[in-house]
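The data block below is input.tsv; it holds TSV, C-alpha atoms.
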```tsv
chain	number	residue	atom	x	y	z
A	22	ASP	CA	-17.65	-9.09	22.05
A	23	THR	CA	-19.87	-9.72	19.05
A	24	GLY	CA	-17.75	-7.84	16.52
A	25	VAL	CA	-15.12	-9.08	14.10
A	26	SER	CA	-11.97	-10.21	15.89
A	27	GLN	CA	-8.46	-10.82	14.57
A	28	ASP	CA	-5.46	-12.54	16.04
A	29	PRO	CA	-2.70	-11.65	16.56
A	30	ARG	CA	-2.96	-7.88	16.71
A	31	HIS	CA	0.73	-7.45	16.02
A	32	LYS	CA	3.29	-9.71	14.38
A	33	ILE	CA	6.97	-9.06	13.91
A	34	THR	CA	8.84	-11.57	11.80
A	35	LYS	CA	12.06	-11.95	9.91
A	36	ARG	CA	12.17	-11.95	6.15
A	37	GLY	CA	11.65	-15.42	4.76
A	38	GLN	CA	9.50	-16.69	7.62
A	39	ASN	CA	5.89	-17.81	7.26
A	40	VAL	CA	3.08	-16.12	9.16
A	41	THR	CA	-0.59	-16.96	9.66
A	42	PHE	CA	-3.36	-14.64	10.75
A	43	ARG	CA	-6.81	-15.52	11.97
A	44	CYS	CA	-10.13	-13.74	11.56
A	45	ASP	CA	-13.36	-14.53	13.37
A	46	PRO	CA	-16.31	-12.82	11.68
A	47	ILE	CA	-19.64	-11.84	13.17
A	48	SER	CA	-21.39	-15.16	13.62
A	49	GLU	CA	-24.30	-14.79	11.21
A	50	HIS	CA	-22.22	-13.21	8.43
A	51	ASN	CA	-21.74	-15.39	5.34
A	52	ARG	CA	-19.23	-13.15	3.60
A	53	LEU	CA	-15.70	-12.60	4.81
A	54	TYR	CA	-13.14	-10.26	3.24
A	55	TRP	CA	-9.42	-9.69	3.61
A	56	TYR	CA	-7.83	-6.30	2.92
A	57	ARG	CA	-4.34	-4.89	3.20
A	58	GLN	CA	-3.74	-1.31	4.32
A	59	THR	CA	-0.45	0.52	4.13
A	60	LEU	CA	0.30	3.86	5.76
A	61	GLY	CA	-1.55	6.73	4.16
A	62	GLN	CA	-3.66	4.52	1.91
A	63	GLY	CA	-7.13	3.06	1.95
A	64	PRO	CA	-7.69	-0.65	2.41
A	65	GLU	CA	-6.92	-2.72	-0.69
A	66	PHE	CA	-9.03	-5.77	-1.43
A	67	LEU	CA	-7.19	-9.10	-1.30
A	68	THR	CA	-9.82	-11.83	-1.35
A	69	TYR	CA	-13.28	-12.79	-0.15
A	70	PHE	CA	-15.32	-15.80	0.80
A	71	GLN	CA	-18.97	-16.66	0.67
A	72	ASN	CA	-19.31	-19.31	3.34
A	73	GLU	CA	-16.35	-21.63	2.70
A	74	ALA	CA	-15.97	-20.78	-0.99
A	75	GLN	CA	-13.24	-18.35	-2.01
A	76	LEU	CA	-14.89	-16.35	-4.78
A	77	GLU	CA	-12.39	-13.70	-5.75
A	78	LYS	CA	-8.68	-13.06	-5.43
A	79	SER	CA	-6.94	-9.81	-6.18
A	80	ARG	CA	-3.93	-9.64	-8.46
A	81	LEU	CA	-2.20	-8.21	-5.38
A	82	LEU	CA	-2.34	-11.70	-3.88
A	83	SER	CA	0.82	-13.40	-5.03
A	84	ASP	CA	1.38	-17.15	-4.87
A	85	ARG	CA	2.93	-16.65	-1.42
A	86	PHE	CA	-0.47	-15.70	-0.04
A	87	SER	CA	-3.18	-18.21	0.71
A	88	ALA	CA	-6.48	-17.87	2.53
A	89	GLU	CA	-8.90	-20.44	3.80
A	90	ARG	CA	-12.26	-20.56	5.46
A	91	PRO	CA	-12.64	-24.30	5.99
A	92	LYS	CA	-15.98	-24.45	7.77
A	93	GLY	CA	-17.45	-21.18	6.65
A	94	SER	CA	-16.75	-19.58	10.01
A	95	PHE	CA	-13.26	-18.29	10.87
A	96	SER	CA	-10.67	-17.63	8.19
A	97	THR	CA	-6.89	-17.77	8.04
A	98	LEU	CA	-4.51	-15.80	5.86
A	99	GLU	CA	-1.04	-17.26	5.44
A	100	ILE	CA	1.94	-15.49	3.95
A	101	GLN	CA	4.87	-17.70	3.03
A	102	ARG	CA	8.47	-16.51	2.69
A	103	THR	CA	7.60	-13.02	3.92
A	104	GLU	CA	9.23	-9.99	2.30
A	105	GLN	CA	9.71	-6.50	3.68
A	106	GLY	CA	7.09	-5.26	1.23
A	107	ASP	CA	4.51	-7.41	3.03
A	108	SER	CA	4.67	-5.11	6.03
A	109	ALA	CA	1.18	-3.64	6.40
A	110	MET	CA	-2.03	-3.80	8.37
A	111	TYR	CA	-4.13	-6.81	7.36
A	112	LEU	CA	-7.80	-6.15	7.90
A	113	CYS	CA	-10.63	-8.63	7.91
A	114	ALA	CA	-14.27	-7.67	7.39
A	115	SER	CA	-17.53	-9.56	7.31
A	116	SER	CA	-21.02	-8.91	6.04
A	117	LEU	CA	-24.37	-10.48	5.48
A	118	ASP	CA	-24.97	-12.24	2.18
A	119	LEU	CA	-26.48	-9.23	0.46
A	120	ARG	CA	-24.63	-7.25	-2.15
A	121	THR	CA	-24.98	-3.89	-0.42
A	122	SER	CA	-24.61	-5.06	3.15
A	123	GLU	CA	-22.33	-3.10	5.44
A	124	GLN	CA	-18.91	-4.57	5.88
A	125	PHE	CA	-17.81	-4.62	9.51
A	126	PHE	CA	-14.08	-4.46	10.02
A	127	GLY	CA	-11.92	-6.17	12.58
A	128	PRO	CA	-9.10	-4.37	14.45
A	129	GLY	CA	-6.48	-5.66	12.04
A	130	THR	CA	-3.17	-7.47	12.35
A	131	ARG	CA	-0.15	-5.25	11.94
A	132	LEU	CA	2.67	-7.17	10.28
A	133	THR	CA	6.25	-5.95	10.40
A	134	VAL	CA	8.81	-7.86	8.37
A	135	LEU	CA	12.39	-7.14	9.38
B	17	GLY	CA	-11.98	-2.97	-12.05
B	18	GLU	CA	-13.28	-0.04	-10.04
B	19	ASN	CA	-11.04	2.99	-9.48
B	20	VAL	CA	-11.95	5.47	-6.75
B	21	GLU	CA	-10.28	8.85	-6.42
B	22	GLN	CA	-10.68	11.00	-3.32
B	23	HIS	CA	-9.96	14.68	-2.71
B	24	PRO	CA	-8.58	16.46	-0.81
B	25	SER	CA	-5.97	14.31	0.89
B	26	THR	CA	-5.90	16.64	3.90
B	27	LEU	CA	-8.48	19.06	5.20
B	28	SER	CA	-8.19	21.48	8.11
B	29	VAL	CA	-11.32	23.26	9.31
B	30	GLN	CA	-12.22	25.52	12.17
B	31	GLU	CA	-14.52	23.98	14.74
B	32	GLY	CA	-18.10	24.70	13.76
B	33	ASP	CA	-17.35	25.02	10.05
B	34	SER	CA	-18.30	22.47	7.40
B	35	ALA	CA	-16.07	19.87	5.77
B	36	VAL	CA	-16.61	18.45	2.29
B	37	ILE	CA	-14.83	15.44	0.79
B	38	LYS	CA	-15.33	14.43	-2.83
B	39	CYS	CA	-14.87	11.10	-4.58
B	40	THR	CA	-15.18	9.89	-8.14
B	41	TYR	CA	-15.54	6.33	-9.37
B	42	SER	CA	-15.09	4.64	-12.71
B	43	ASP	CA	-17.41	1.62	-12.79
B	44	SER	CA	-20.91	2.63	-13.82
B	45	ALA	CA	-22.20	-0.69	-12.42
B	46	SER	CA	-21.26	0.34	-8.87
B	47	ASN	CA	-24.36	0.85	-6.78
B	48	TYR	CA	-23.27	1.07	-3.15
B	49	PHE	CA	-21.09	3.83	-1.72
B	50	PRO	CA	-20.08	3.67	1.96
B	51	TRP	CA	-18.01	6.17	3.90
B	52	TYR	CA	-15.71	4.97	6.66
B	53	LYS	CA	-14.06	6.89	9.48
B	54	GLN	CA	-10.76	5.60	10.83
B	55	GLU	CA	-9.20	7.03	13.96
B	56	LEU	CA	-5.51	6.53	14.58
B	57	GLY	CA	-4.74	2.91	15.35
B	58	LYS	CA	-8.36	1.82	15.10
B	59	ARG	CA	-10.49	-0.09	12.63
B	60	PRO	CA	-12.48	1.63	9.87
B	61	GLN	CA	-16.06	2.22	10.95
B	62	LEU	CA	-19.01	2.94	8.69
B	63	ILE	CA	-20.48	6.38	9.26
B	64	ILE	CA	-22.94	6.61	6.38
B	65	ASP	CA	-23.68	4.88	3.10
B	66	ILE	CA	-25.79	5.52	0.05
B	67	ARG	CA	-27.25	3.27	-2.58
B	68	SER	CA	-27.61	4.24	-6.20
B	69	ASN	CA	-31.37	4.54	-6.09
B	70	VAL	CA	-31.16	7.74	-3.98
B	71	GLY	CA	-29.34	11.01	-4.55
B	72	GLU	CA	-28.88	12.18	-1.01
B	73	LYS	CA	-28.91	10.82	2.52
B	74	LYS	CA	-28.54	12.62	5.82
B	75	ASP	CA	-27.82	11.47	9.34
B	76	GLN	CA	-27.61	14.30	11.87
B	77	ARG	CA	-24.50	16.34	10.97
B	78	ILE	CA	-23.42	14.01	8.18
B	79	ALA	CA	-24.80	13.92	4.65
B	80	VAL	CA	-23.80	12.17	1.47
B	81	THR	CA	-24.78	13.09	-2.09
B	82	LEU	CA	-24.49	10.91	-5.18
B	83	ASN	CA	-24.47	11.91	-8.83
B	84	LYS	CA	-24.59	8.70	-10.86
B	85	THR	CA	-24.43	10.49	-14.18
B	86	ALA	CA	-21.19	12.20	-13.28
B	87	LYS	CA	-19.99	9.24	-11.20
B	88	HIS	CA	-19.13	11.24	-8.14
B	89	PHE	CA	-20.26	11.34	-4.54
B	90	SER	CA	-19.48	13.60	-1.62
B	91	LEU	CA	-19.47	13.62	2.16
B	92	HIS	CA	-20.57	16.71	4.02
B	93	ILE	CA	-19.96	17.22	7.73
B	94	THR	CA	-21.60	20.27	9.24
B	95	GLU	CA	-20.85	21.97	12.55
B	96	THR	CA	-17.58	20.12	12.87
B	97	GLN	CA	-16.34	19.13	16.31
B	98	PRO	CA	-12.89	18.07	17.52
B	99	GLU	CA	-14.03	14.43	17.66
B	100	ASP	CA	-14.62	14.56	13.89
B	101	SER	CA	-10.82	14.63	13.43
B	102	ALA	CA	-9.90	11.35	11.72
B	103	VAL	CA	-9.16	9.82	8.33
B	104	TYR	CA	-12.22	9.41	6.13
B	105	PHE	CA	-12.40	6.89	3.28
B	106	CYS	CA	-14.95	6.72	0.52
B	107	ALA	CA	-15.56	3.43	-1.22
B	108	ALA	CA	-17.54	1.99	-4.10
B	109	LEU	CA	-18.88	-1.55	-4.46
B	110	GLY	CA	-18.34	-2.80	-7.98
B	111	ASP	CA	-20.28	-5.40	-9.89
B	112	ASP	CA	-17.79	-7.96	-8.63
B	113	TYR	CA	-18.75	-7.49	-4.93
B	114	LYS	CA	-15.38	-5.89	-4.20
B	115	LEU	CA	-15.13	-2.64	-2.27
B	116	SER	CA	-12.63	-0.22	-3.75
B	117	PHE	CA	-11.46	2.52	-1.40
B	118	GLY	CA	-10.19	6.01	-1.98
B	119	ALA	CA	-6.81	6.99	-0.58
B	120	GLY	CA	-8.37	8.80	2.37
B	121	THR	CA	-8.77	12.34	3.65
B	122	THR	CA	-7.16	13.38	6.91
B	123	VAL	CA	-9.55	15.81	8.56
B	124	THR	CA	-8.29	18.05	11.35
B	125	VAL	CA	-10.78	20.17	13.27
B	126	ARG	CA	-9.08	23.14	14.92
B	127	ALA	CA	-10.52	24.23	18.23
```
Is it possible to give me this structure as structure tokens?
Amino acid sequence: DTGVSQDPRHKITKRGQNVTFRCDPISEHNRLYWYRQTLGQGPEFLTYFQNEAQLEKSRLLSDRFSAERPKGSFSTLEIQRTEQGDSAMYLCASSLDLRTSEQFFGPGTRLTVL
Amino acid sequence: GENVEQHPSTLSVQEGDSAVIKCTYSDSASNYFPWYKQELGKRPQLIIDIRSNVGEKKDQRIAVTLNKTAKHFSLHITETQPEDSAVYFCAALGDDYKLSFGAGTTVTVRA
């Protein structure tokens, strides 16, 4: 499969626990994006990387959220001390390094915080 | 930042009829406007996009129009089929490389 992949697909956790999600972009894509999508809404931008550099972070991303892309390939999104309001679908997308390049989405990780 | 509004939130059409979804955006620097289709439980997939240097683009039964002066763009689906039933999102790419999405339109095609 040459598309964007995400792992895990589903995560159920208890409030206060830490969770980490992984995204593997399309191999030649320099840009990688994280979005959050709640029921009945469009994806909301969280952060993005150009290669290993994190270039932008949304105000939605509290201090409990951190993202990395250490070698410019896969990326991880960690949420510390999860809250029920963190329950959502976390989508990853990747694109070529051109401003108007199509963003290809992964299948998402659905997080449920109990 | 960019703010994208999308209407209607739900749309029910008879098979064979046309469907039109409209979006407005706020950032005049935005120059790329993709449309994504998301089926239940699946990832968003690009169905058509338009860049600010053109006013209209068509791909088979799908067309998109862009009015930069008015800052609005629309998706037109003709000869709708049951497989067109899904949630459609418009988006705009701002000067900051961030895609801002509309809230989505749930399209139901009645057989």
| request: Could the residues of chain A within 9 Å of chain B, counting only C-alpha atoms, be given as a ChimeraX atom specification, please? | output: /A:54,61-66,68-69,77,112,120-129
| request: Mind giving me the straight-line distance from CA of Thr133 in chain A to CA of Gln22 in chain B in Å, one decimal? | output: 27.6 Å
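The shortest atom-to-atom distance to Val134 in chain A, with all atoms listed in the file taken into account, belongs to A:Val40 out of A:Val40, A:Val25, A:Leu119, A:Leu82.
Pairwise distance (CA of Gln71 in chain A, CA of Ser94 in chain A) equals 10.0 Å.
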| task | Find the residues around Thr94 in chain B up to 7 Å (all atoms listed in the file counted), leave out those fewer than 4 positions away in its own chain, and share them as a list in words. | result |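 Selected residues are Asp33, Ser34, Ala35, Arg77 and Ile78 of chain B.
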| query | Which residues, written as number ranges by chain, have at least one atom at most 10 Å from Lys92 in chain A, with all atoms listed in the file counted and residues fewer than 5 positions away on the same chain left out? | reply | A: 72-74
| query | Distance CA of Thr26 in chain B-CA of Arg131 in chain A, one decimal place? | reply |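 Straight-line distance from CA of Thr26 in chain B to CA of Arg131 in chain A works out to 24.0 Å.
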| said: Just want the 12 Å neighbourhood of Gln27 in chain A, counted on all atoms listed in the file, with same-chain residues fewer than 6 positions away dropped. Output as a VMD selection string. | reply: (chain A and resid 41 to 47 55 95 to 98 110 to 115 126 to 131) or (chain B and resid 59)
| Neighbour list for Val29 in chain B as a list in words, cut-off 10 Å, all atoms listed in the file, skip fewer than 3 positions in-chain | Gly32, Asp33, Ser34, Ala35, Thr96, Gln97, Pro98, Ser101, Val123, Thr124, Val125, Arg126 and Ala127 of chain B
Reconstructed range 58-69 of chain B, atom set all heavy atoms, as a JSON list (two decimals), keeping the file's coordinate frame:
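File written: result-v6.json
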```json
[["chain", "number", "residue", "atom", "x", "y", "z"],
["B", 58, "LYS", "N", -7.10, 2.54, 14.93],
["B", 58, "LYS", "CA", -8.36, 1.82, 15.10],
["B", 58, "LYS", "C", -8.89, 1.31, 13.76],
["B", 58, "LYS", "O", -8.38, 1.64, 12.70],
["B", 58, "LYS", "CB", -9.38, 2.73, 15.78],
["B", 58, "LYS", "CG", -8.96, 3.13, 17.19],
["B", 58, "LYS", "CD", -10.09, 3.78, 17.93],
["B", 58, "LYS", "CE", -9.68, 4.07, 19.38],
["B", 58, "LYS", "NZ", -10.79, 4.71, 20.15],
["B", 59, "ARG", "N", -9.91, 0.49, 13.83],
["B", 59, "ARG", "CA", -10.49, -0.09, 12.63],
["B", 59, "ARG", "C", -11.37, 0.92, 11.90],
["B", 59, "ARG", "O", -11.92, 1.81, 12.52],
["B", 59, "ARG", "CB", -11.32, -1.32, 13.01],
["B", 59, "ARG", "CG", -12.65, -0.99, 13.72],
["B", 59, "ARG", "CD", -13.32, -2.23, 14.25],
["B", 59, "ARG", "NE", -12.70, -2.73, 15.47],
["B", 59, "ARG", "CZ", -12.99, -3.91, 16.02],
["B", 59, "ARG", "NH1", -13.88, -4.70, 15.48],
["B", 59, "ARG", "NH2", -12.38, -4.29, 17.13],
["B", 60, "PRO", "N", -11.52, 0.78, 10.59],
["B", 60, "PRO", "CA", -12.48, 1.63, 9.87],
["B", 60, "PRO", "C", -13.90, 1.33, 10.35],
["B", 60, "PRO", "O", -14.27, 0.18, 10.54],
["B", 60, "PRO", "CB", -12.30, 1.21, 8.41],
["B", 60, "PRO", "CG", -10.99, 0.50, 8.35],
["B", 60, "PRO", "CD", -10.81, -0.14, 9.68],
["B", 61, "GLN", "N", -14.68, 2.39, 10.52],
["B", 61, "GLN", "CA", -16.06, 2.22, 10.95],
["B", 61, "GLN", "C", -16.97, 2.98, 10.01],
["B", 61, "GLN", "O", -16.71, 4.14, 9.67],
["B", 61, "GLN", "CB", -16.25, 2.69, 12.39],
["B", 61, "GLN", "CG", -15.54, 1.79, 13.39],
["B", 61, "GLN", "CD", -16.01, 1.99, 14.81],
["B", 61, "GLN", "OE1", -15.98, 3.10, 15.31],
["B", 61, "GLN", "NE2", -16.44, 0.92, 15.46],
["B", 62, "LEU", "N", -18.04, 2.33, 9.60],
["B", 62, "LEU", "CA", -19.01, 2.94, 8.69],
["B", 62, "LEU", "C", -19.71, 4.10, 9.37],
["B", 62, "LEU", "O", -20.17, 3.98, 10.50],
["B", 62, "LEU", "CB", -20.05, 1.91, 8.26],
["B", 62, "LEU", "CG", -21.08, 2.40, 7.25],
["B", 62, "LEU", "CD1", -20.45, 2.43, 5.86],
["B", 62, "LEU", "CD2", -22.32, 1.51, 7.25],
["B", 63, "ILE", "N", -19.76, 5.25, 8.69],
["B", 63, "ILE", "CA", -20.48, 6.38, 9.26],
["B", 63, "ILE", "C", -21.75, 6.69, 8.48],
["B", 63, "ILE", "O", -22.73, 7.16, 9.05],
["B", 63, "ILE", "CB", -19.61, 7.65, 9.34],
["B", 63, "ILE", "CG1", -18.99, 8.01, 7.98],
["B", 63, "ILE", "CG2", -18.52, 7.48, 10.40],
["B", 63, "ILE", "CD1", -18.31, 9.38, 7.97],
["B", 64, "ILE", "N", -21.75, 6.41, 7.19],
["B", 64, "ILE", "CA", -22.94, 6.61, 6.38],
["B", 64, "ILE", "C", -22.72, 5.89, 5.05],
["B", 64, "ILE", "O", -21.58, 5.69, 4.63],
["B", 64, "ILE", "CB", -23.24, 8.11, 6.17],
["B", 64, "ILE", "CG1", -24.67, 8.33, 5.64],
["B", 64, "ILE", "CG2", -22.20, 8.76, 5.27],
["B", 64, "ILE", "CD1", -25.12, 9.79, 5.69],
["B", 65, "ASP", "N", -23.80, 5.48, 4.42],
["B", 65, "ASP", "CA", -23.68, 4.88, 3.10],
["B", 65, "ASP", "C", -24.86, 5.31, 2.25],
["B", 65, "ASP", "O", -25.87, 5.81, 2.76],
["B", 65, "ASP", "CB", -23.58, 3.35, 3.18],
["B", 65, "ASP", "CG", -24.75, 2.70, 3.92],
["B", 65, "ASP", "OD1", -25.79, 3.37, 4.13],
["B", 65, "ASP", "OD2", -24.64, 1.52, 4.29],
["B", 66, "ILE", "N", -24.71, 5.15, 0.96],
["B", 66, "ILE", "CA", -25.79, 5.52, 0.05],
["B", 66, "ILE", "C", -25.84, 4.50, -1.08],
["B", 66, "ILE", "O", -24.81, 4.01, -1.54],
["B", 66, "ILE", "CB", -25.59, 6.97, -0.49],
["B", 66, "ILE", "CG1", -26.85, 7.44, -1.23],
["B", 66, "ILE", "CG2", -24.35, 7.08, -1.36],
["B", 66, "ILE", "CD1", -26.87, 8.94, -1.49],
["B", 67, "ARG", "N", -27.05, 4.18, -1.47],
["B", 67, "ARG", "CA", -27.25, 3.27, -2.58],
["B", 67, "ARG", "C", -27.69, 4.06, -3.80],
["B", 67, "ARG", "O", -28.21, 5.16, -3.68],
["B", 67, "ARG", "CB", -28.28, 2.19, -2.18],
["B", 67, "ARG", "CG", -27.71, 1.24, -1.14],
["B", 67, "ARG", "CD", -28.73, 0.37, -0.47],
["B", 67, "ARG", "NE", -28.12, -0.58, 0.45],
["B", 67, "ARG", "CZ", -27.67, -0.28, 1.66],
["B", 67, "ARG", "NH1", -27.77, 0.96, 2.12],
["B", 67, "ARG", "NH2", -27.11, -1.22, 2.42],
["B", 68, "SER", "N", -27.49, 3.46, -4.97],
["B", 68, "SER", "CA", -27.61, 4.24, -6.20],
["B", 68, "SER", "C", -29.03, 4.66, -6.53],
["B", 68, "SER", "O", -29.25, 5.44, -7.45],
["B", 68, "SER", "CB", -27.02, 3.46, -7.37],
["B", 68, "SER", "OG", -27.71, 2.24, -7.52],
["B", 69, "ASN", "N", -30.00, 4.16, -5.79],
["B", 69, "ASN", "CA", -31.37, 4.54, -6.09],
["B", 69, "ASN", "C", -31.80, 5.83, -5.37],
["B", 69, "ASN", "O", -32.96, 6.26, -5.49],
["B", 69, "ASN", "CB", -32.33, 3.40, -5.74],
["B", 69, "ASN", "CG", -32.22, 2.97, -4.29],
["B", 69, "ASN", "OD1", -31.26, 3.29, -3.60],
["B", 69, "ASN", "ND2", -33.21, 2.23, -3.82]]
```
